[in-house]
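First up is the structure itself, then whatever we jot down about it.
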Amino acid sequence: MTATAQCQAQADLAELTTYRVGGRAQWLALPRCQEELLTAVAWAQQEQVPLTVIGAGSNLLISDRGLPGLVICTRYLRGAQWHEPTGQVVAAAGMPLPQLAWEAARRGWQGFAWAVGIPGTVGGAVVMNAGAQGGCTADYLISAEVLHDGSIRTLTRAELAYDYRYSCLQTGTGVVLSARWQCIPGHDPQCLQRETSDYLHRRRRTQPYHLPSCGSVFRNPPASKAGWLIEQSGLKGYQIGQAQVSPLHANFIVNLGGATAQNIYDLIHYVQAVIQAKWGIQLHPEVKFLGDFSSGS
Ligand SMILES: Cc1cc2nc3c(=O)[nH]c(=O)nc-3n(C[C@H](O)[C@H](O)[C@H](O)COP(=O)(O)OP(=O)(O)OC[C@H]3O[C@@H](n4cnc5c(N)ncnc54)[C@H](O)[C@@H]3O)c2cc1C
């Protein structure tokens, strides 16, 4: 594959993540249609270079040392087909979740209001089982089209083995191309738009949307809340370099401006160590680490 507008060498990845940190990709492809995506994946396989697929980069911490091989970012693979009157919507991997939430509300289709404050793509949501406000990706998902070993398969919700912030795609190499959801049409659009707007305002009041972050850093442990444990441990506001435990919401670690990925990584491990020592609870990161963090920067 030659270096075209869709494939750059030594491309900066920080701008492609909501944390605004991370090094360079050896190669970066930004496909604008499914065919370009398939070509890029085939190229990585043919050249036997590592392949990493990212969406909006809103649940990622990419190493300051960057990533080897090809990174494919799906954010330009947009578009959705809304099938009246069945209430089914098929959305491309790079479609932003908030856009789906607003469009569903405008049509009076119930099923996506929870997604309005999650700045990820359809692909990232399918992989992460993203959720909020008591709803999640798996609730209304029928199936996802996944590229695996050169062929495209339709995986049902059962095959995706969903659990809390988990799907089987987190341990495999499949590339999500699109997903099909079953919404419930026939609701009052104004009511749904108000509900969607309320969700967004509530989140903006209680979470640090004004600073770069990855949302909640840690999964909630059974029968507890990661944010509560961190707050009760006196860690709100604690900083390593320009990475800070948010004073607004303790399960967020924010980039105050000049943080490195290593600052954030070290702070995550510091918080884990404090919680382990104080409460005997191991916090597990929800954020995905990509690249080499082995021995500091
Ligand atoms: C301010 C803020 C608030 C947030 N609030 C929430 C919340 O309430 N609930 C919640 O669940 N999450 C939340 N998040 C985290 C994040 O938005 C979700 O996890 C989202 O689903 C990630 O989607 P993405 O497109 O950004 O995926 P990325 O972060 O780019 O990638 C996440 C994982 O999915 C993989 N991936 C992405 N796209 C594909 C694809 N097409 N095929 C195969 N693998 C793929 C990546 O390799 C990676 O392993 C928040 C993040 C921020 C910044």
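Residue names in the structure tokens use chain letters A, B, ... in the order shown, residue numbers from 1 in each chain, and ligand numbers from 1 in the order shown.
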Using only C-alpha atoms and all ligand atoms, what table do you get, as CSV, when you list each residue of chain A with an atom no more than 8 Å from ligand 1, its nearest pair of atoms, and their distance in Å rounded to one decimal, rows by chain then rising number?
residue,atom,partner,partner_atom_place_in_ligand_line,distance
A:Thr17,CA,ligand 1,30 (O),7.3
A:Thr18,CA,ligand 1,53 (C),5.5
A:Tyr19,CA,ligand 1,53 (C),7.3
A:Thr52,CA,ligand 1,47 (O),6.0
A:Val53,CA,ligand 1,47 (O),4.7
A:Ile54,CA,ligand 1,30 (O),3.8
A:Gly55,CA,ligand 1,30 (O),3.5
A:Ala56,CA,ligand 1,26 (O),3.6
A:Gly57,CA,ligand 1,30 (O),3.3
A:Ser58,CA,ligand 1,26 (O),3.6
A:Asn59,CA,ligand 1,29 (O),3.5
A:Leu60,CA,ligand 1,29 (O),4.7
A:Cys73,CA,ligand 1,38 (N),7.6
A:Thr74,CA,ligand 1,41 (N),6.1
A:Arg75,CA,ligand 1,25 (O),7.7
A:Ala93,CA,ligand 1,41 (N),5.1
A:Gly94,CA,ligand 1,41 (N),6.9
A:Pro96,CA,ligand 1,25 (O),7.6
A:Ala115,CA,ligand 1,8 (O),7.5
A:Gly117,CA,ligand 1,5 (N),6.3
A:Ile118,CA,ligand 1,5 (N),4.5
A:Pro119,CA,ligand 1,17 (O),4.7
A:Gly120,CA,ligand 1,23 (O),3.5
A:Thr121,CA,ligand 1,25 (O),3.7
A:Val122,CA,ligand 1,25 (O),6.4
A:Gly123,CA,ligand 1,41 (N),3.8
A:Gly124,CA,ligand 1,23 (O),3.4
A:Ala125,CA,ligand 1,21 (O),3.5
A:Val126,CA,ligand 1,21 (O),7.1
A:Val127,CA,ligand 1,34 (O),5.2
A:Met128,CA,ligand 1,21 (O),5.4
A:Asn129,CA,ligand 1,11 (O),6.5
A:Ala130,CA,ligand 1,11 (O),3.2
A:Gly131,CA,ligand 1,11 (O),4.1
A:Ala132,CA,ligand 1,8 (O),4.5
A:Gln133,CA,ligand 1,8 (O),7.6
A:Cys136,CA,ligand 1,11 (O),7.5
A:Val146,CA,ligand 1,42 (N),7.6
A:Arg165,CA,ligand 1,11 (O),6.4
A:Leu169,CA,ligand 1,44 (N),7.1
A:Gln170,CA,ligand 1,49 (O),6.2
A:Thr173,CA,ligand 1,43 (C),7.3
A:Gly174,CA,ligand 1,43 (C),5.7
A:Val175,CA,ligand 1,42 (N),3.6
A:Val176,CA,ligand 1,42 (N),3.8
A:Leu177,CA,ligand 1,41 (N),5.8
A:Ser178,CA,ligand 1,41 (N),7.8
A:Gln207,CA,ligand 1,1 (C),7.4
A:Pro208,CA,ligand 1,1 (C),7.1
A:Tyr209,CA,ligand 1,1 (C),5.2
A:Pro212,CA,ligand 1,53 (C),6.9
A:Ser213,CA,ligand 1,53 (C),4.9
A:Cys214,CA,ligand 1,53 (C),3.8
A:Gly215,CA,ligand 1,52 (C),3.5
A:Ser216,CA,ligand 1,50 (C),6.3
A:Glu286,CA,ligand 1,19 (O),7.8
A:Val287,CA,ligand 1,19 (O),7.4
A:Lys288,CA,ligand 1,49 (O),5.9
(message) Which residues are near segment 27-29 of chain A? Cut-off 12 Å, only C-alpha atoms, ignore same chain within fewer than 2 positions. Put them as a ChimeraX atom specification.
(response) /A:1-13,16,23-25,31-33,36-41,43-44,47,49-55,66-77
Include N, CA and C atoms and write out the residues we just selected as a CSV table (one decimal), in the first residue's frame.
chain,number,residue,atom,x,y,z
A,1,MET,N,0.9,-1.2,0.0
A,1,MET,CA,0.0,0.0,0.0
A,1,MET,C,0.9,1.2,0.0
A,2,THR,N,0.7,2.1,-0.9
A,2,THR,CA,1.5,3.3,-0.9
A,2,THR,C,0.9,4.4,0.0
A,3,ALA,N,1.8,5.4,0.3
A,3,ALA,CA,1.3,6.4,1.2
A,3,ALA,C,0.4,7.4,0.5
A,4,THR,N,-0.9,7.2,0.7
A,4,THR,CA,-1.9,8.1,0.1
A,4,THR,C,-2.5,9.0,1.2
A,5,ALA,N,-3.5,9.7,0.8
A,5,ALA,CA,-4.2,10.6,1.8
A,5,ALA,C,-4.7,9.7,3.0
A,6,GLN,N,-5.0,8.4,2.6
A,6,GLN,CA,-5.6,7.5,3.7
A,6,GLN,C,-4.5,6.7,4.4
A,7,CYS,N,-3.3,6.8,4.0
A,7,CYS,CA,-2.2,6.0,4.7
A,7,CYS,C,-1.0,6.9,4.8
A,8,GLN,N,-0.6,7.2,6.1
A,8,GLN,CA,0.5,8.1,6.3
A,8,GLN,C,1.6,7.3,7.1
A,9,ALA,N,2.8,7.7,6.9
A,9,ALA,CA,3.9,7.1,7.6
A,9,ALA,C,4.2,8.0,8.8
A,10,GLN,N,4.6,7.4,9.9
A,10,GLN,CA,5.0,8.1,11.2
A,10,GLN,C,3.9,9.2,11.5
A,11,ALA,N,2.7,8.7,11.7
A,11,ALA,CA,1.6,9.7,11.9
A,11,ALA,C,1.3,9.8,13.4
A,12,ASP,N,1.1,11.1,13.8
A,12,ASP,CA,0.8,11.4,15.2
A,12,ASP,C,-0.5,10.8,15.6
A,13,LEU,N,-0.5,10.1,16.7
A,13,LEU,CA,-1.8,9.4,17.2
A,13,LEU,C,-2.5,10.2,18.3
A,16,LEU,N,-5.8,11.6,17.7
A,16,LEU,CA,-6.8,10.7,17.4
A,16,LEU,C,-7.4,10.0,18.7
A,23,GLY,N,2.3,8.4,21.1
A,23,GLY,CA,3.3,8.6,20.1
A,23,GLY,C,2.8,8.5,18.7
A,24,ARG,N,3.7,8.0,17.8
A,24,ARG,CA,3.3,7.9,16.4
A,24,ARG,C,3.0,6.5,16.0
A,25,ALA,N,2.2,6.4,14.9
A,25,ALA,CA,2.0,5.1,14.3
A,25,ALA,C,3.0,4.9,13.2
A,31,PRO,N,-9.5,5.0,6.5
A,31,PRO,CA,-10.4,4.6,5.3
A,31,PRO,C,-11.7,5.4,5.4
A,32,ARG,N,-12.2,5.7,4.1
A,32,ARG,CA,-13.4,6.4,4.0
A,32,ARG,C,-14.6,5.5,3.5
A,33,CYS,N,-14.3,4.3,3.2
A,33,CYS,CA,-15.3,3.3,2.9
A,33,CYS,C,-14.8,1.9,3.2
A,36,GLU,N,-11.9,0.5,1.3
A,36,GLU,CA,-10.5,0.9,1.7
A,36,GLU,C,-10.1,0.3,3.0
A,37,LEU,N,-11.0,0.0,3.9
A,37,LEU,CA,-10.7,-0.6,5.2
A,37,LEU,C,-10.2,-2.1,4.9
A,38,LEU,N,-10.9,-2.8,4.0
A,38,LEU,CA,-10.5,-4.1,3.7
A,38,LEU,C,-9.2,-4.2,3.0
A,39,THR,N,-8.9,-3.2,2.2
A,39,THR,CA,-7.6,-3.1,1.5
A,39,THR,C,-6.5,-2.9,2.5
A,40,ALA,N,-6.7,-2.1,3.5
A,40,ALA,CA,-5.7,-1.8,4.5
A,40,ALA,C,-5.4,-3.0,5.4
A,41,VAL,N,-6.5,-3.7,5.8
A,41,VAL,CA,-6.3,-4.9,6.6
A,41,VAL,C,-5.5,-6.0,5.8
A,43,TRP,N,-3.4,-5.5,3.4
A,43,TRP,CA,-2.0,-5.0,3.3
A,43,TRP,C,-1.2,-5.4,4.6
A,44,ALA,N,-1.8,-5.2,5.8
A,44,ALA,CA,-1.1,-5.5,7.0
A,44,ALA,C,-0.9,-7.0,7.1
A,47,GLU,N,1.9,-7.9,4.5
A,47,GLU,CA,3.3,-7.4,5.0
A,47,GLU,C,3.7,-8.0,6.3
A,49,VAL,N,2.7,-7.1,9.3
A,49,VAL,CA,2.9,-6.1,10.3
A,49,VAL,C,1.8,-6.1,11.3
A,50,PRO,N,2.0,-5.8,12.6
A,50,PRO,CA,0.9,-5.7,13.5
A,50,PRO,C,-0.2,-4.8,13.1
A,51,LEU,N,-1.4,-5.1,13.4
A,51,LEU,CA,-2.6,-4.3,13.0
A,51,LEU,C,-3.3,-3.9,14.3
A,52,THR,N,-3.6,-2.6,14.4
A,52,THR,CA,-4.4,-2.1,15.5
A,52,THR,C,-5.5,-1.3,14.9
A,53,VAL,N,-6.8,-1.6,15.4
A,53,VAL,CA,-7.9,-0.8,14.9
A,53,VAL,C,-8.4,0.1,16.0
A,54,ILE,N,-8.6,1.4,15.7
A,54,ILE,CA,-9.2,2.3,16.7
A,54,ILE,C,-10.4,3.0,16.2
A,55,GLY,N,-11.2,3.5,17.0
A,55,GLY,CA,-12.4,4.2,16.6
A,55,GLY,C,-12.2,5.7,16.9
A,66,GLY,N,4.6,5.2,20.8
A,66,GLY,CA,3.8,4.9,19.6
A,66,GLY,C,3.6,3.5,19.4
A,67,LEU,N,3.1,3.1,18.2
A,67,LEU,CA,2.7,1.8,17.9
A,67,LEU,C,3.4,1.3,16.6
A,68,PRO,N,3.9,0.1,16.6
A,68,PRO,CA,4.5,-0.5,15.4
A,68,PRO,C,3.4,-0.9,14.4
A,69,GLY,N,3.7,-1.1,13.1
A,69,GLY,CA,2.8,-1.6,12.2
A,69,GLY,C,1.8,-0.6,11.7
A,70,LEU,N,0.6,-1.2,11.4
A,70,LEU,CA,-0.5,-0.3,10.8
A,70,LEU,C,-1.6,-0.1,11.8
A,71,VAL,N,-1.9,1.2,12.0
A,71,VAL,CA,-3.1,1.6,12.8
A,71,VAL,C,-4.2,2.0,11.8
A,72,ILE,N,-5.4,1.4,12.0
A,72,ILE,CA,-6.5,1.8,11.2
A,72,ILE,C,-7.5,2.5,12.1
A,73,CYS,N,-7.8,3.8,11.7
A,73,CYS,CA,-8.8,4.5,12.5
A,73,CYS,C,-10.1,4.6,11.7
A,74,THR,N,-11.2,4.2,12.3
A,74,THR,CA,-12.4,4.0,11.5
A,74,THR,C,-13.3,5.3,11.5
A,75,ARG,N,-12.8,6.4,12.1
A,75,ARG,CA,-13.7,7.5,12.4
A,75,ARG,C,-14.4,8.1,11.1
A,76,TYR,N,-13.9,7.8,9.9
A,76,TYR,CA,-14.6,8.4,8.7
A,76,TYR,C,-15.5,7.4,8.1
A,77,LEU,N,-15.6,6.2,8.7
A,77,LEU,CA,-16.6,5.2,8.1
A,77,LEU,C,-18.0,5.4,8.8
(request) Run DSSP on the backbone and give me the residues of segment 29-233 of chain A it puts in alpha helix (DSSP H), as an MDAnalysis selection string. (result) chainID A and resid 34:47 97:107 122:128 137:140 189:206 226:232
Surrounding residues of Val254 of chain A excluding itself and chain neighbours under 3 positions, 10 Å, only C-alpha atoms, as an mmCIF file with N, CA and C atoms, in the first residue's frame:
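Written file, result.cif:
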data_model
loop_
_atom_site.group_PDB
_atom_site.id
_atom_site.type_symbol
_atom_site.label_atom_id
_atom_site.label_comp_id
_atom_site.auth_asym_id
_atom_site.auth_seq_id
_atom_site.Cartn_x
_atom_site.Cartn_y
_atom_site.Cartn_z
ATOM 1 N N TYR A 19 -7.606 11.493 25.039
ATOM 2 C CA TYR A 19 -6.609 11.871 26.043
ATOM 3 C C TYR A 19 -5.594 12.870 25.494
ATOM 4 N N PRO A 208 -15.907 15.612 34.174
ATOM 5 C CA PRO A 208 -15.042 16.674 33.623
ATOM 6 C C PRO A 208 -14.939 16.622 32.095
ATOM 7 N N TYR A 209 -16.032 16.972 31.435
ATOM 8 C CA TYR A 209 -16.044 16.929 29.962
ATOM 9 C C TYR A 209 -15.153 17.999 29.335
ATOM 10 N N HIS A 210 -14.755 18.994 30.146
ATOM 11 C CA HIS A 210 -13.979 20.111 29.600
ATOM 12 C C HIS A 210 -12.494 19.782 29.466
ATOM 13 N N LEU A 211 -12.062 18.621 29.982
ATOM 14 C CA LEU A 211 -10.637 18.265 29.901
ATOM 15 C C LEU A 211 -10.470 16.913 29.212
ATOM 16 N N PRO A 212 -9.311 16.698 28.543
ATOM 17 C CA PRO A 212 -9.083 15.403 27.892
ATOM 18 C C PRO A 212 -9.070 14.254 28.908
ATOM 19 N N SER A 213 -9.779 13.182 28.572
ATOM 20 C CA SER A 213 -9.832 12.006 29.461
ATOM 21 C C SER A 213 -10.233 10.791 28.622
ATOM 22 N N CYS A 214 -10.411 9.665 29.311
ATOM 23 C CA CYS A 214 -10.949 8.481 28.622
ATOM 24 C C CYS A 214 -12.250 8.066 29.286
ATOM 25 N N GLY A 215 -12.902 9.003 29.988
ATOM 26 C CA GLY A 215 -14.084 8.611 30.758
ATOM 27 C C GLY A 215 -13.633 7.870 32.009
ATOM 28 N N VAL A 217 -11.862 5.454 34.306
ATOM 29 C CA VAL A 217 -10.612 4.712 34.117
ATOM 30 C C VAL A 217 -10.773 3.258 34.553
ATOM 31 N N GLY A 237 -7.812 15.077 42.983
ATOM 32 C CA GLY A 237 -6.851 16.161 42.793
ATOM 33 C C GLY A 237 -5.400 15.699 42.767
ATOM 34 N N GLN A 239 -1.930 14.387 41.618
ATOM 35 C CA GLN A 239 -1.307 14.573 40.300
ATOM 36 C C GLN A 239 0.011 13.843 40.161
ATOM 37 N N GLN A 242 1.303 16.190 34.632
ATOM 38 C CA GLN A 242 0.072 16.911 34.281
ATOM 39 C C GLN A 242 -1.136 15.978 34.204
ATOM 40 N N ALA A 243 -0.996 14.775 34.768
ATOM 41 C CA ALA A 243 -2.145 13.862 34.871
ATOM 42 C C ALA A 243 -2.721 14.015 36.268
ATOM 43 N N GLN A 244 -4.042 14.141 36.349
ATOM 44 C CA GLN A 244 -4.674 14.413 37.646
ATOM 45 C C GLN A 244 -5.924 13.556 37.845
ATOM 46 N N VAL A 245 -6.102 13.051 39.076
ATOM 47 C CA VAL A 245 -7.382 12.438 39.441
ATOM 48 C C VAL A 245 -8.372 13.601 39.534
ATOM 49 N N SER A 246 -9.416 13.542 38.714
ATOM 50 C CA SER A 246 -10.316 14.694 38.608
ATOM 51 C C SER A 246 -10.937 15.058 39.965
ATOM 52 N N PRO A 247 -10.874 16.336 40.333
ATOM 53 C CA PRO A 247 -11.553 16.770 41.561
ATOM 54 C C PRO A 247 -13.080 16.685 41.435
ATOM 55 N N HIS A 249 -14.840 14.170 39.500
ATOM 56 C CA HIS A 249 -15.279 12.772 39.464
ATOM 57 C C HIS A 249 -14.036 11.898 39.604
ATOM 58 N N ALA A 250 -13.929 11.203 40.735
ATOM 59 C CA ALA A 250 -12.665 10.540 41.086
ATOM 60 C C ALA A 250 -12.303 9.366 40.174
ATOM 61 N N ASN A 251 -13.274 8.832 39.411
ATOM 62 C CA ASN A 251 -12.911 7.738 38.502
ATOM 63 C C ASN A 251 -12.420 8.253 37.146
ATOM 64 N N GLY A 257 -3.148 19.270 30.386
ATOM 65 C CA GLY A 257 -2.629 20.024 29.236
ATOM 66 C C GLY A 257 -1.355 19.408 28.700
ATOM 67 N N ALA A 259 0.201 16.497 29.909
ATOM 68 C CA ALA A 259 0.475 15.136 30.413
ATOM 69 C C ALA A 259 1.069 14.268 29.322
ATOM 70 N N ILE A 264 -0.003 9.386 32.884
ATOM 71 C CA ILE A 264 -1.349 8.818 33.116
ATOM 72 C C ILE A 264 -1.228 7.366 33.562
#
(request) Excluding Asp188 of chain A and residues on its chain fewer than 4 positions from it, collect all residues at most 10 Å away from it, counting only C-alpha atoms, and give them as a ChimeraX atom specification. (result) /A:105-110,192-193
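Interatomic distance, atom CA of Phe218 of chain A to atom CA of Gly22 of chain A: 19.6 Å.
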(request) To one decimal in Å, tell me the separation between atom CA of Leu141 of chain A and atom CA of Glu195 of chain A. (result) 20.7 Å
(message) Please return, as a PyMOL selection string, all residues of segment 32-229 of chain A that DSSP assigns to strand (DSSP E or B) on the basis of the backbone.
(response) chain A and resi 51-54+60-62+67-73+80-83+88-92+96+110+121+131-132+135-136+141-148+151-156+163+166+175-182+184+216+218
(message) At a cut-off of 9 Å, using only C-alpha atoms, what residues contact Pro221 of chain A? Leave out same-chain residues fewer than 4 positions from it and give the result as a ChimeraX atom specification.
(response) /A:225-226,281-284
(message) Using Å and a single decimal, report how far atom CA of Pro85 of chain A sits from atom CA of Gln99 of chain A.
(response) 20.1 Å
